[in-house]
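Engineer: For reference, the structure I am asking about is given below.
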Amino acid sequence: MSKIDQANKKAVERMMSSRPVWVDIGRAKDVIPGMKDNLILHAGPPITWENMSGPLRGAVIGGLIHDGQARNEEEARELAASGDIEYSPCHHYNSVGPMAGVTTPNQMVFIIEDKEHGGYTFSNMNEGYGKVLRYGAYDEEVLTRLRWLDEVYATVLKEAVKLAGGIDIKSIIAQALHMGDDGHNRNRATTSLFIREIAPYVVESEFGRKRDYDTPRIDLTNTCPAFKDHKPTAAAEVLAFMHSNDLTALNAIMASCKAMALAAHGIEGCSIVSTMARNGTEFGIRVSGTGDKWFTAPCETPKGLYFSGYSADDANPDIGDSVITETVGIGGFAMAAAPAIVNFIGGKPSMAYEATNEMYEITIVENKNFNIPALDFKGTPTGIDIRKVVEKGILPRINTGIAHKEPGVGQIGAGIVLPPMEIFVEALKELAK
Amino acid sequence: MSKQSLANVQKIFTDGPRVINLGLEGFADSLKTKEVPVVHVLWKPPAMGDESLLALLDKLK
């Protein structure tokens with residue numbers, strides 16, 4: 001076995017043996033090493049304010065207001081462009097965030113511990129569908145929800161996960177692939193399992209028993225109409241909110257996938273991709289054997305289905321850290337586990353099988369933990385080898401949401417996107433030096 | 001050409017062709033629209049036909 005093959009084997013073994021467990025929730029600046037008051041984390045590779053796309057700018061504006069650093073949009077724009085704010089990829093701080101991925105110093109974040117290799121990874125909280133910060137929206141409804149998430153939702157979940165003694169996210173992903181999820185764009189099963197695990201402790205939590213608290217409440221009557229007639233406990237609200245959003249579990253899953261990818265990063269000579277991420281302007285990858293160097297190129301616009309009233313003309317180029325799921329062998333790589341996903345992203349169920357089968361061409365192992373019943377329980381294609389990508393001319397398939405190009409609108413569809421080939425070529429050249 | 005080979009060639013005209021298509025999927029698609037049995041094989045030149053990349057790949061074996 002060549003030195004590169006040995007390094008790659010070590011990388012995927014570490015990736016698959018990683019054991020991410022959700023252990024806590026905390027304030028970003030208190031728990032993310034290096035996080036500080038003037039730092040904003042974002043999805044994808046490094047980018048300046050001037051080069052940010054609409055949704056990312058919108059999320060930064062909303063993030064600064066939510067964080068208490070600006071009182072309104074005008075102040076936030078001025079501060080964002082002033083040079084006083086530093087911007088950095090979430091990935092530089094062992095964090096990930098879907099779509100814009102904006103994480104501000106005072107925001108509450110999931111804390112995932114890798115019980116096998118040690119260390120922590122982080123992600124912000126999922127806000128649900130529609131007009132949300134991660135798609136660049138920042139109106140009063142968005143800001144009220146963010147406040148509720150930080151002050152009520154996070155407080156209850158922090159207590160709950162402590163009472164639970166931690167929640168094993170890897171086990172949830174494995175089960176959800178048997179229940180029709182891909183772990184990226186379809187998270188109905190992961191979220192259901194997530195709720196099952198945490199619900200008893202949500203109900204048991206001290207804050208969860210409160211019916212009165214100072215934070216403005218959010219409207220959950222669409223999910224629970226009976227809330228119109230009486231004031232629910234905070235626990236009931238938290239569970240209703242989780243139930244209202246199929247993506248509730250996504251952010252914890254992403255941080256768990258980050259833990260797996262991190263375990264495979266920084267191995268000398270290794271040609272396995274350890275990071276894929278997009279900032280709405282550029283797509284970036286990092287490769288285990290080339291360290292922290294990013295290889296970037298302009299990102300494409302996803303192809304997929306649009307919500308009523310929108311088309312490809314409205315779409316922003318690809319954005320978000322959620323492609324960390326494909327990096328470790330789920331998401332688009334596990335589409336054969338989730339044929340129903342084509343209702344959301346377009347195509348036929350056979351396309352889901354073709355997508356997974358094609359990804360075996362550019363990966364080096366079948367995953368030991370994640371498998372697909374419809375493929376005779378074959379492990380998902382795992383460990384993207386840049387040599388295979390370049391040699392075969394096959395790019396990783398990524399399932400993704402589609403953001404409106406203007407800030408403040410939100411999600412307008414979902415589909416599939418491919419990274420640019422040149423970043424794999426550049427990474428290959430660097431590895432060969 | 002042997003009698004058997006000739007018979008096989010004639011079968012194309014009597015029974016129609018059965019096709020294995022390599023590379024460009026469009027050829028397979030157009031045959032499918034004519035209801036010609038066709039199996040498409042995904043194939044591209046290694047490293048997109050770029051000799052400098054092939055040399056790099058050789059170095060990184």
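All residue names refer to the structure tokens as shown: chains lettered A, B, ... in order, residues numbered from 1 in each chain, ligands numbered from 1 in order.
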According to DSSP computed on the backbone, where in chain B is there strand (DSSP E or B)? Give the residues as an MDAnalysis selection string.

Structural biologist: chainID B and resid 19:22 38:41

Engineer: Enumerate as a count of residues only the residues belonging to chain B that approach chain A to within 8 Å, with only C-alpha atoms taken into account.

Structural biologist: 12

Engineer: Do a neighbour search on A:Thr104 at 12 Å with only C-alpha atoms, toss out local chain neighbours closer than 2 positions, and write the hits as a ChimeraX atom specification.

Structural biologist: /A:27-30,32,35-42,59-69,85-88,90,95,97,100-102,106-109,123-125,133,146,150

Engineer: Pick out the residues sitting within 7 Å of stretch 378-385 of chain A, and hand them over as a list in words; count only C-alpha atoms, and ignore anything fewer than 4 positions along from it in its own chain.

Structural biologist: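 Residues meeting the cut-off are Val12, Ser271, Ile272, Val273, Val328, Gly329, Ile330, Phe333, Ala334, Met359, Tyr360, Ile362, Thr363, Ile364, Val365, Glu366, Asn367, Lys368, Phe370, Asn371, Ile372 and Val389 of chain A.
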
Engineer: Just want the 8 Å neighbourhood of A:Pro419, counted on only C-alpha atoms, with same-chain residues fewer than 4 positions away dropped. Output as a PyMOL selection string.

Structural biologist: chain A and resi 283+299-300+395-396

Engineer: Could you tell me how far atom CA of A:Ala297 sits from atom CA of A:Met254, in Å to one decimal place?

Structural biologist: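 That distance, rounded to one decimal, is 23.0 Å.
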
Engineer: Taking the chain letters and numbering used in this document, name the residues of stretch 211-308 of chain A that DSSP puts in helix (DSSP H, G or I), as a PyMOL selection string.

Structural biologist: chain A and resi 225-228+234-244+250-263+288-290

Engineer: Go through A:Leu163, A:Ile267, A:Cys224, A:Leu193 and flag the residue nearest A:Asn8, using only C-alpha atoms for the distances.

Structural biologist: A:Ile267

Engineer: Which neighbours of stretch 257-263 of chain A fall inside 6 Å, counting only C-alpha atoms, when residues of the same chain fewer than 4 positions from it are skipped, and could you give them as an NGL selection string?

Structural biologist: :A and (14-15 or 18 or 121 or 274 or 325)

Engineer: Pull all heavy atoms from the residues just selected and write them as a PDB file, in the first residue's frame.

Structural biologist:
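The resulting file, out.pdb, is reproduced below:
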```pdb
ATOM      1  N   ARG A  14     -10.282   7.287  11.168  1.00  0.00           N
ATOM      2  CA  ARG A  14     -10.512   8.286  12.216  1.00  0.00           C
ATOM      3  C   ARG A  14     -11.884   8.948  12.039  1.00  0.00           C
ATOM      4  O   ARG A  14     -12.611   9.195  12.996  1.00  0.00           O
ATOM      5  CB  ARG A  14      -9.400   9.350  12.193  1.00  0.00           C
ATOM      6  CG  ARG A  14      -8.101   8.875  12.818  1.00  0.00           C
ATOM      7  CD  ARG A  14      -7.039   9.961  12.787  1.00  0.00           C
ATOM      8  NE  ARG A  14      -7.432  11.161  13.512  1.00  0.00           N
ATOM      9  CZ  ARG A  14      -7.337  11.330  14.833  1.00  0.00           C
ATOM     10  NH1 ARG A  14      -6.846  10.359  15.580  1.00  0.00           N
ATOM     11  NH2 ARG A  14      -7.715  12.462  15.397  1.00  0.00           N
ATOM     12  N   MET A  15     -12.238   9.221  10.766  1.00  0.00           N
ATOM     13  CA  MET A  15     -13.541   9.834  10.473  1.00  0.00           C
ATOM     14  C   MET A  15     -14.675   8.933  10.977  1.00  0.00           C
ATOM     15  O   MET A  15     -15.611   9.386  11.640  1.00  0.00           O
ATOM     16  CB  MET A  15     -13.660  10.039   8.956  1.00  0.00           C
ATOM     17  CG  MET A  15     -14.862  10.814   8.497  1.00  0.00           C
ATOM     18  SD  MET A  15     -14.943  10.899   6.681  1.00  0.00           S
ATOM     19  CE  MET A  15     -13.820  12.220   6.309  1.00  0.00           C
ATOM     20  N   SER A  18     -14.915   8.481  14.914  1.00  0.00           N
ATOM     21  CA  SER A  18     -15.329   9.654  15.685  1.00  0.00           C
ATOM     22  C   SER A  18     -16.700   9.376  16.332  1.00  0.00           C
ATOM     23  O   SER A  18     -17.566   8.748  15.713  1.00  0.00           O
ATOM     24  CB  SER A  18     -15.410  10.856  14.739  1.00  0.00           C
ATOM     25  OG  SER A  18     -16.118  11.912  15.338  1.00  0.00           O
ATOM     26  N   THR A 121     -16.909  20.628  18.825  1.00  0.00           N
ATOM     27  CA  THR A 121     -17.338  21.354  17.623  1.00  0.00           C
ATOM     28  C   THR A 121     -18.659  22.050  17.945  1.00  0.00           C
ATOM     29  O   THR A 121     -19.331  21.707  18.932  1.00  0.00           O
ATOM     30  CB  THR A 121     -17.504  20.396  16.424  1.00  0.00           C
ATOM     31  OG1 THR A 121     -18.336  19.300  16.824  1.00  0.00           O
ATOM     32  CG2 THR A 121     -16.153  19.879  15.944  1.00  0.00           C
ATOM     33  N   SER A 274     -11.348  17.126   3.622  1.00  0.00           N
ATOM     34  CA  SER A 274     -11.752  17.237   5.029  1.00  0.00           C
ATOM     35  C   SER A 274     -12.691  18.428   5.258  1.00  0.00           C
ATOM     36  O   SER A 274     -13.256  18.565   6.336  1.00  0.00           O
ATOM     37  CB  SER A 274     -10.526  17.359   5.936  1.00  0.00           C
ATOM     38  OG  SER A 274      -9.689  18.397   5.488  1.00  0.00           O
ATOM     39  N   THR A 325     -21.995  17.496   5.557  1.00  0.00           N
ATOM     40  CA  THR A 325     -22.637  16.170   5.612  1.00  0.00           C
ATOM     41  C   THR A 325     -22.108  15.275   4.478  1.00  0.00           C
ATOM     42  O   THR A 325     -21.761  14.119   4.710  1.00  0.00           O
ATOM     43  CB  THR A 325     -24.174  16.297   5.513  1.00  0.00           C
ATOM     44  OG1 THR A 325     -24.524  17.044   4.335  1.00  0.00           O
ATOM     45  CG2 THR A 325     -24.748  17.006   6.729  1.00  0.00           C
TER      46      THR A 325
END
```

Engineer: Need to verify the contact set: B:Ile20, 7 Å, only C-alpha atoms, exclusion of same-chain residues closer than 2 positions in sequence. Can you return it as a VMD selection string?

Structural biologist: chain B and resid 22 38 to 40

Engineer: Just the selected residues (N, CA and C atoms), exported as a short mmCIF file (atom, residue, chain, number, x, y, z; two decimals), in the first residue's frame, please.

Structural biologist:
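Dumped to result28.cif:
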```cif
data_model
loop_
_atom_site.label_atom_id
_atom_site.label_comp_id
_atom_site.auth_asym_id
_atom_site.auth_seq_id
_atom_site.Cartn_x
_atom_site.Cartn_y
_atom_site.Cartn_z
N LEU B 22 -20.96 4.34 -25.12
CA LEU B 22 -19.90 4.82 -24.22
C LEU B 22 -19.75 6.32 -24.33
N VAL B 38 -30.74 0.04 -25.44
CA VAL B 38 -29.42 0.64 -25.30
C VAL B 38 -29.00 0.68 -23.83
N VAL B 39 -27.75 0.32 -23.60
CA VAL B 39 -27.17 0.43 -22.26
C VAL B 39 -26.12 1.53 -22.33
N HIS B 40 -26.25 2.53 -21.44
CA HIS B 40 -25.26 3.61 -21.46
C HIS B 40 -24.18 3.35 -20.42
#
```
